[in-house]
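Engineer: File run_24.txt below, compact mmCIF, C-alpha atoms:
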# COMPACT_ATOMS: atom_id res chain seq x y z
CA MET A 410 -109.66 58.57 -154.65
CA CYS A 411 -109.78 61.22 -151.91
CA GLU A 412 -113.11 62.54 -153.19
CA THR A 413 -114.72 59.07 -153.15
CA VAL A 414 -113.56 58.39 -149.60
CA SER A 415 -114.92 61.74 -148.45
CA ARG A 416 -118.35 60.99 -149.88
CA ARG A 417 -118.49 57.57 -148.29
CA HIS A 418 -117.51 58.98 -144.89
CA CYS A 419 -120.38 61.51 -145.08
CA CYS A 420 -122.88 58.82 -146.01
CA GLU A 421 -121.81 56.74 -143.00
CA GLU A 422 -122.33 59.75 -140.72
CA ASN A 423 -125.82 60.32 -142.19
CA THR A 424 -126.72 56.65 -141.85
CA ALA A 425 -125.69 56.66 -138.21
CA GLY A 426 -128.28 59.39 -137.47
CA SER A 427 -131.27 59.43 -139.87
CA LEU A 428 -132.91 62.31 -137.90
CA CYS A 429 -129.90 64.69 -138.17
CA ARG A 430 -131.72 66.83 -140.76
CA SER A 431 -134.47 67.58 -138.23
CA GLY A 432 -131.98 68.66 -135.48
CA GLN A 433 -132.53 65.54 -133.32
CA THR A 434 -129.85 63.01 -132.34
CA SER A 435 -130.43 59.30 -132.69
CA PRO A 436 -129.62 56.83 -129.86
CA ALA A 437 -126.88 55.39 -132.00
CA ALA A 438 -125.27 58.82 -132.29
CA VAL A 439 -125.51 59.32 -128.51
CA MET A 440 -123.81 55.98 -127.96
CA MET A 441 -121.10 56.89 -130.43
CA GLU A 442 -120.53 60.22 -128.67
CA GLU A 443 -120.30 58.59 -125.22
CA TYR A 444 -117.96 55.97 -126.60
CA GLY A 445 -115.77 58.72 -128.02
CA LYS A 446 -115.62 60.52 -124.66
CA THR A 447 -114.74 57.30 -122.83
CA ALA A 448 -112.06 56.45 -125.35
CA ALA A 449 -110.58 59.95 -125.09
CA ALA A 450 -110.50 59.69 -121.29
CA ALA A 451 -108.78 56.33 -121.52
CA VAL A 452 -106.19 57.77 -123.88
CA ASP A 453 -105.54 60.68 -121.50
CA LEU A 454 -105.14 58.29 -118.55
CA GLN A 455 -102.83 56.04 -120.52
CA SER A 456 -100.78 59.01 -121.70
CA SER A 457 -100.41 60.23 -118.10
CA SER A 458 -99.34 56.77 -116.96
CA MET A 459 -96.86 56.50 -119.81
CA LEU A 460 -95.50 59.94 -118.98
CA HIS A 461 -94.75 58.87 -115.41
CA THR A 462 -93.10 55.72 -116.73
CA ILE A 463 -91.12 57.40 -119.49
CA LEU A 464 -89.96 60.48 -117.56
CA PRO A 465 -87.52 58.69 -115.20
CA THR A 466 -86.21 56.70 -118.17
CA PHE A 467 -85.76 59.94 -120.10
CA ILE A 468 -83.86 61.55 -117.22
CA LEU A 469 -81.67 58.46 -116.91
CA GLY A 470 -81.02 58.59 -120.63
CA VAL A 471 -79.96 62.22 -120.42
CA PHE A 472 -77.64 61.43 -117.52
CA VAL A 473 -76.06 58.48 -119.33
CA GLY A 474 -75.62 60.66 -122.40
CA PHE A 475 -73.88 63.26 -120.25
CA LEU A 476 -71.50 60.62 -118.86
CA ILE A 477 -70.75 59.32 -122.35
CA ASP A 478 -69.93 62.83 -123.55
CA LYS A 479 -67.63 63.31 -120.57
CA LEU A 480 -65.93 59.99 -121.31
CA LYS A 481 -65.44 60.98 -124.95
CA GLY A 482 -63.94 64.27 -123.80
CA PHE A 483 -61.64 62.43 -121.41
CA LEU A 484 -60.43 60.11 -124.12
CA SER A 485 -59.96 62.86 -126.68
CA GLY A 486 -58.64 65.79 -124.74
CA ASN A 487 -59.04 65.82 -120.97
CA GLU A 488 -56.08 65.30 -118.69
CA THR A 489 -54.82 61.89 -117.61
CA HIS A 490 -52.77 61.29 -114.47
CA THR A 491 -49.47 61.46 -116.43
CA GLU A 492 -50.05 64.58 -118.53
CA TYR A 493 -49.44 67.05 -115.67
CA ARG A 494 -50.92 70.14 -117.26
CA ASN A 495 -50.11 71.92 -113.99
CA LEU A 496 -46.39 71.30 -114.53
CA SER A 497 -45.59 75.02 -114.53
CA GLN A 498 -47.19 75.38 -111.08
CA MET A 499 -45.19 72.61 -109.39
CA THR A 500 -42.77 73.59 -106.65
CA THR A 501 -39.12 72.72 -107.14
CA THR A 502 -35.74 73.62 -105.68
CA GLY A 503 -34.06 72.86 -109.00
CA ALA A 504 -30.46 71.71 -109.31
CA SER A 505 -28.32 70.95 -106.29
CA LYS A 506 -24.91 72.35 -105.42
CA ILE A 507 -23.37 69.14 -106.77
CA THR A 508 -25.02 69.60 -110.17
CA LYS A 509 -24.08 73.26 -110.24
CA GLU A 510 -20.41 72.56 -109.52
CA ARG A 511 -20.25 69.83 -112.14
CA ASN A 512 -21.78 71.91 -114.92
CA ILE A 513 -21.34 75.62 -114.23
CA ASP A 514 -17.84 77.10 -114.67
CA SER A 515 -18.46 80.83 -114.64
CA SER A 516 -18.11 82.43 -111.22
CA SER A 517 -21.06 84.69 -112.00
CA MET A 518 -23.24 81.60 -112.35
CA ASN A 519 -22.33 80.42 -108.87
CA ARG A 520 -24.80 82.95 -107.51
CA MET A 521 -27.66 81.30 -109.40
CA THR A 522 -30.49 79.58 -107.56
CA GLY A 523 -31.08 75.90 -108.14
CA VAL A 524 -33.99 76.57 -110.49
CA GLU A 525 -31.93 79.07 -112.49
CA VAL A 526 -29.14 76.49 -112.85
CA SER A 527 -31.63 73.86 -114.06
CA LYS A 528 -33.07 76.20 -116.68
CA THR A 529 -29.62 77.32 -117.81
CA LEU A 530 -28.57 73.71 -118.35
CA ALA A 531 -31.81 72.94 -120.17
CA GLU A 532 -31.23 75.95 -122.41
CA GLN A 533 -27.74 74.70 -123.20
CA ASP A 534 -29.28 71.40 -124.34
CA LEU A 535 -32.01 73.03 -126.42
CA GLU A 536 -30.21 72.82 -129.78
CA LEU A 537 -29.28 69.15 -129.41
CA MET A 538 -32.73 68.37 -128.04
CA SER A 539 -34.36 69.79 -131.17
CA LYS A 540 -33.16 66.70 -133.09
CA TYR A 541 -35.51 64.57 -131.02
CA LYS A 542 -38.35 67.03 -130.51
CA THR A 543 -40.67 65.37 -133.03
CA ASP A 544 -40.16 61.93 -131.49
CA ILE A 545 -40.51 63.27 -127.96
CA LYS A 546 -43.81 64.96 -128.75
CA SER A 547 -45.04 61.93 -130.68
CA VAL A 548 -44.26 59.57 -127.81
CA GLY A 549 -45.75 61.99 -125.30
CA LYS A 550 -48.99 62.16 -127.27
CA ALA A 551 -49.17 58.40 -127.76
CA LEU A 552 -48.51 57.60 -124.10
CA ARG A 553 -50.25 60.70 -122.72
CA LEU A 554 -47.10 61.69 -120.84
CA HIS A 555 -46.05 65.33 -120.78
CA PRO A 556 -43.35 65.78 -123.49
CA ALA A 557 -41.51 68.32 -121.36
CA LEU A 558 -40.90 65.65 -118.71
CA ILE A 559 -39.40 63.36 -121.36
CA ALA A 560 -37.14 66.15 -122.61
CA ALA A 561 -36.12 67.02 -119.05
CA ILE A 562 -35.06 63.45 -118.28
CA ILE A 563 -33.06 63.35 -121.51
CA SER A 564 -31.40 66.64 -120.54
CA LYS A 565 -30.63 65.46 -117.02
CA GLN A 566 -29.47 61.97 -117.97
CA SER A 567 -27.41 62.52 -121.10
CA ARG A 568 -27.40 66.25 -121.83
CA ALA A 569 -29.52 65.48 -124.91
CA GLY A 570 -27.02 62.84 -126.01
CA GLY A 571 -23.97 65.04 -125.50
CA THR A 572 -22.43 62.80 -122.82
CA LEU A 573 -22.89 59.47 -124.64
CA ASP A 574 -20.02 57.50 -126.13
CA CYS A 575 -19.97 56.20 -129.70
CA LYS A 576 -21.93 53.09 -128.70
CA GLY A 577 -24.65 55.07 -127.00
CA TYR A 578 -23.64 54.36 -123.40
CA GLY A 579 -22.94 56.97 -120.76
CA LYS A 580 -19.33 58.09 -120.59
CA LEU A 581 -19.55 58.05 -116.80
CA ASP A 582 -21.88 55.04 -116.54
CA SER A 583 -21.15 52.25 -119.00
CA VAL A 584 -24.19 50.14 -118.03
CA CYS A 585 -26.75 52.85 -118.86
CA PHE A 586 -27.86 53.22 -122.46
CA GLY A 587 -29.25 55.93 -124.68
CA LEU A 588 -30.72 59.37 -124.28
CA MET A 589 -32.76 58.32 -121.26
CA GLN A 590 -30.01 56.14 -119.76
CA ILE A 591 -31.82 52.83 -119.36
CA HIS A 592 -29.92 50.28 -117.27
CA LYS A 593 -29.00 47.33 -119.50
CA ASP A 594 -28.91 44.86 -116.57
CA HIS A 595 -32.48 45.64 -115.54
CA HIS A 596 -34.16 46.06 -118.92
CA GLU A 597 -34.07 44.50 -122.36
CA LEU A 598 -32.90 47.45 -124.43
CA LYS A 599 -35.07 48.53 -127.34
CA GLY A 600 -34.01 50.55 -130.36
CA THR A 601 -30.84 52.51 -130.86
CA ALA A 602 -29.53 55.07 -128.38
CA PHE A 603 -31.24 57.99 -130.14
CA SER A 604 -34.35 56.29 -131.50
CA ARG A 605 -38.05 56.78 -130.93
CA GLU A 606 -38.21 53.21 -129.61
CA HIS A 607 -35.71 54.08 -126.92
CA ILE A 608 -37.59 57.24 -125.95
CA GLU A 609 -40.82 55.23 -125.79
CA GLN A 610 -39.20 52.59 -123.56
CA GLY A 611 -37.85 55.15 -121.11
CA SER A 612 -41.17 57.00 -121.03
CA THR A 613 -43.08 53.78 -120.44
CA CYS A 614 -40.80 52.97 -117.51
CA LEU A 615 -41.62 56.33 -115.94
CA ILE A 616 -45.36 55.79 -116.41
CA HIS A 617 -45.15 52.43 -114.63
CA LEU A 618 -43.23 54.06 -111.80
CA ILE A 619 -45.88 56.78 -111.49
CA LYS A 620 -48.62 54.16 -111.26
CA ASP A 621 -46.65 52.18 -108.67
CA MET A 622 -46.05 55.31 -106.62
CA LYS A 623 -49.75 56.16 -106.71
CA ASN A 624 -50.55 52.71 -105.35
CA ARG A 625 -47.91 52.94 -102.64
CA LYS A 626 -48.73 56.47 -101.58
CA PRO A 627 -52.35 57.25 -102.54
CA ASP A 628 -52.46 60.00 -99.92
CA TRP A 629 -49.64 61.96 -101.55
CA SER A 630 -50.33 64.81 -103.94
CA GLU A 631 -49.78 64.20 -107.66
CA GLU A 632 -46.69 66.38 -107.48
CA MET A 633 -45.18 64.29 -104.69
CA GLN A 634 -46.10 61.05 -106.46
CA LEU A 635 -44.35 62.30 -109.60
CA LYS A 636 -41.25 63.25 -107.59
CA GLY A 637 -41.23 59.82 -105.97
CA ALA A 638 -41.52 58.16 -109.39
CA LEU A 639 -38.66 60.27 -110.76
CA VAL A 640 -36.46 59.25 -107.85
CA GLY A 641 -37.45 55.64 -108.54
CA TYR A 642 -36.41 56.13 -112.18
CA MET A 643 -32.94 56.89 -110.91
CA THR A 644 -32.60 54.55 -107.93
CA GLY A 645 -35.34 51.94 -108.19
CA LEU A 646 -38.57 52.15 -106.15
CA GLU A 647 -37.15 50.12 -103.28
CA ARG A 648 -34.69 52.90 -102.50
CA VAL A 649 -37.17 55.79 -102.58
CA PRO A 650 -37.25 57.21 -99.01
CA LEU A 651 -41.03 57.11 -98.64
CA ALA A 652 -40.81 57.92 -94.94
CA GLN A 653 -39.04 61.20 -95.77
CA PRO A 654 -41.17 62.92 -98.43
CA ASP A 655 -39.30 66.20 -97.94
CA HIS A 656 -35.99 64.50 -98.75
CA LEU A 657 -36.88 62.25 -101.67
CA ASP A 658 -33.77 63.23 -103.64
CA SER A 659 -31.41 62.28 -100.83
CA GLU A 660 -30.83 58.84 -102.40
CA THR A 661 -30.07 60.14 -105.89
CA ARG A 662 -26.51 60.61 -107.08
CA THR A 663 -26.65 64.40 -107.34
CA LYS A 664 -29.21 64.81 -104.51
CA ASP A 665 -31.62 66.63 -106.83
CA PHE A 666 -32.96 64.30 -109.54
CA SER A 667 -36.70 64.93 -109.20
CA ASN A 668 -36.40 68.65 -108.50
CA ASP A 669 -33.87 69.23 -111.27
CA VAL A 670 -36.00 67.30 -113.79
CA ILE A 671 -39.15 69.24 -112.91
CA ALA A 672 -37.34 72.59 -113.18
CA ARG A 673 -35.91 71.63 -116.57
CA ALA A 674 -39.34 70.38 -117.68
CA GLN A 675 -40.85 73.76 -116.86
CA PHE A 676 -38.29 75.32 -119.19
CA PHE A 677 -38.91 72.84 -122.02
CA GLN A 678 -42.65 73.34 -121.71
CA GLN A 679 -42.10 77.01 -122.50
CA LYS A 680 -40.11 75.99 -125.58
CA GLY A 681 -42.93 74.05 -127.18
CA TYR A 682 -42.53 70.62 -125.62
CA LYS A 683 -46.19 70.20 -124.79
Step by step, read the file and then write its structure as structure tokens.
Structural biologist:
Amino acid sequence: MCETVSRRHCCEENTAGSLCRSGQTSPAAVMMEEYGKTAAAAVDLQSSSMLHTILPTFILGVFVGFLIDKLKGFLSGNETHTEYRNLSQMTTTGASKITKERNIDSSSMNRMTGVEVSKTLAEQDLELMSKYKTDIKSVGKALRLHPALIAAIISKQSRAGGTLDCKGYGKLDSVCFGLMQIHKDHHELKGTAFSREHIEQGSTCLIHLIKDMKNRKPDWSEEMQLKGALVGYMTGLERVPLAQPDHLDSETRTKDFSNDVIARAQFFQQKGYK
């Protein structure tokens, strides 16, 4: 088949110029040559025009692709506003004198700083906390909330369950339920006192408080917004002293809730709650 086509193509070329054997070019051949040049020029012009049309579209496509890749990275691994990967760098005064006096008996411990007291208390809760570590990390991953913050609230609120009565309520606060001490009059309780459902409910409450605080105080740093949300977790947002950002904990029972929680969270982060 290829051989037959080749022969026919040669015959057509010879027919187009019957004088080709004598070295002269027929008018038909000249016209064919000029037509070829014109067609080639037209193709070049069209290609140039297409290039100018396609190039901006190509650049836009590259840019959109870049944004899509960034979005995929955000969804799969980049930080959200509740993950707080800078947790270890946050400033905190730790536990207050009230918390220290309630929990530290040894006279040698009275010389501890607030942060040292917070970390000592967190360390005391580490063994009990290990029972819930899997659930804490699972909830943290699902909600994109730093697991160390969840563990720290559990440590602060119930000493990892150590201060709960047999029904799961606080021994000192009979209206607050479970590891994270959720107020039964303000929330429909979910799960048992030590369950993943309960941990998820408490964590979700904190996330909503963080979002509300961001809306109320968009000019605050993320650290201050987190502290405000933590105070709101304890007192309700309406009682957070927004006009006194340096004294946010003044309305909490032990005058240290946000600072104590952050200091304990820094400890739990070092122990694998991340």
Engineer: Any chance you could tabulate, as a tab-separated table, the residues of region 600-676 of chain A at most 7 Å from region 558-580 of chain A with each one's nearest atom pair and distance in Å to one decimal, using only C-alpha atoms, in chain and rising number order?
Structural biologist:
residue	atom	partner	partner_atom	distance
A:Ala602	CA	A:Gly577	CA	5.1
A:Ser612	CA	A:Ile559	CA	6.6
A:Val670	CA	A:Ala561	CA	5.3
A:Arg673	CA	A:Ala561	CA	5.2
A:Ala674	CA	A:Ala561	CA	4.9
Engineer: Have a look at A:Glu597, A:Asp655, A:Glu536, A:Glu525 and name the one nearest to Trp629 (chain A); count all atoms listed in the file.
Structural biologist: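 Answer, going by the shortest atom-to-atom distance: A:Asp655.
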Engineer: A:Leu530, A:Ile608, A:Met633, A:Leu537: which is nearest Lys509 (chain A), counting only C-alpha atoms?
Structural biologist: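 Of A:Leu530, A:Ile608, A:Met633, A:Leu537, the one nearest Lys509 (chain A), counting only C-alpha atoms, is A:Leu530.
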Engineer: Quick one: of A:Asp621, A:Asp544, A:Asp658, A:Asp628, who's nearest to Phe603 (chain A), counting all atoms listed in the file?
Structural biologist: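 Among the listed residues, A:Asp544 lies closest to Phe603 (chain A).
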Engineer: So which residues touch Thr601 (chain A) within 9 Å, counting all atoms listed in the file, skipping near sequence neighbours fewer than 4 positions away, as a ChimeraX atom specification?
Structural biologist: /A:577,586-587,605-607
Engineer: Go ahead and dump the residues you just picked, C-alpha atoms, as a CSV table (one decimal), in the frame of the given file.
Structural biologist:
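Written out: part.csv:
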chain,number,residue,atom,x,y,z
A,577,GLY,CA,-24.6,55.1,-127.0
A,586,PHE,CA,-27.9,53.2,-122.5
A,587,GLY,CA,-29.2,55.9,-124.7
A,605,ARG,CA,-38.0,56.8,-130.9
A,606,GLU,CA,-38.2,53.2,-129.6
A,607,HIS,CA,-35.7,54.1,-126.9
Engineer: For CA of Lys626 (chain A) and CA of Asp594 (chain A), quote the distance in Å rounded to one decimal.
Structural biologist: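 Computed distance, CA of Lys626 (chain A) to CA of Asp594 (chain A), equals 27.4 Å.
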Engineer: CA of Val649 (chain A) and CA of Lys683 (chain A) are how many Å apart?
Structural biologist: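 Rounded to one decimal, the two atoms are 28.0 Å apart.
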Engineer: Compare A:Asn668, A:Ser604, A:Gln590, A:Ser630 by their minimum atom-to-atom distance to Val526 (chain A), counting all atoms listed in the file, and give me the closest one.
Structural biologist: A:Asn668
Engineer: Provide the CA of Phe677 (chain A) to CA of Ser539 (chain A) distance in Å, to one decimal place.
Structural biologist: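 According to the coordinates, CA of Phe677 (chain A) and CA of Ser539 (chain A) are separated by 10.7 Å.
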Engineer: List as a count of residues only the residues having at least one atom at most 8 Å from position (-43.9, 60.2, -123.5) as given in the file, counting all atoms listed in the file.
Structural biologist: 18
Engineer: What would the list of residues within 10 Å of (-44.5, 55.4, -112.7) (file frame) look like as a list in words, if only C-alpha atoms are what count?
Structural biologist: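 Final list of nearby residues, as requested, is Thr491, Ser612, Thr613, Cys614, Leu615, Ile616, His617, Leu618, Ile619, Lys620, Asp621, Met622, Lys623, Asn624, Gln634, Leu635, Lys636, Gly637, Ala638, Leu639, Gly641, Tyr642 and Leu646 of chain A.
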Engineer: Neighbouring residues of Asn519 (chain A) were defined as those with any atom within 12 Å, considering all atoms listed in the file; residues of the same chain fewer than 3 positions away were excluded. Please report them as a PDB file with C-alpha atoms, in the coordinates of the input.
Structural biologist:
ATOM      1  CA  ALA A 504     -30.460  71.710-109.310  1.00  0.00           C
ATOM      2  CA  SER A 505     -28.320  70.950-106.290  1.00  0.00           C
ATOM      3  CA  LYS A 506     -24.910  72.350-105.420  1.00  0.00           C
ATOM      4  CA  ILE A 507     -23.370  69.140-106.770  1.00  0.00           C
ATOM      5  CA  THR A 508     -25.020  69.600-110.170  1.00  0.00           C
ATOM      6  CA  LYS A 509     -24.080  73.260-110.240  1.00  0.00           C
ATOM      7  CA  GLU A 510     -20.410  72.560-109.520  1.00  0.00           C
ATOM      8  CA  ARG A 511     -20.250  69.830-112.140  1.00  0.00           C
ATOM      9  CA  ASN A 512     -21.780  71.910-114.920  1.00  0.00           C
ATOM     10  CA  ILE A 513     -21.340  75.620-114.230  1.00  0.00           C
ATOM     11  CA  ASP A 514     -17.840  77.100-114.670  1.00  0.00           C
ATOM     12  CA  SER A 515     -18.460  80.830-114.640  1.00  0.00           C
ATOM     13  CA  SER A 516     -18.110  82.430-111.220  1.00  0.00           C
ATOM     14  CA  THR A 522     -30.490  79.580-107.560  1.00  0.00           C
ATOM     15  CA  GLY A 523     -31.080  75.900-108.140  1.00  0.00           C
ATOM     16  CA  GLU A 525     -31.930  79.070-112.490  1.00  0.00           C
ATOM     17  CA  VAL A 526     -29.140  76.490-112.850  1.00  0.00           C
ATOM     18  CA  THR A 529     -29.620  77.320-117.810  1.00  0.00           C
TER      19      THR A 529
END
Engineer: Which one of A:Leu535, A:Met643, A:Phe676, A:Ile671 sits closest to Ser659 (chain A) if you count only C-alpha atoms?
Structural biologist: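 Under the stated criterion, the closest residue is A:Met643.
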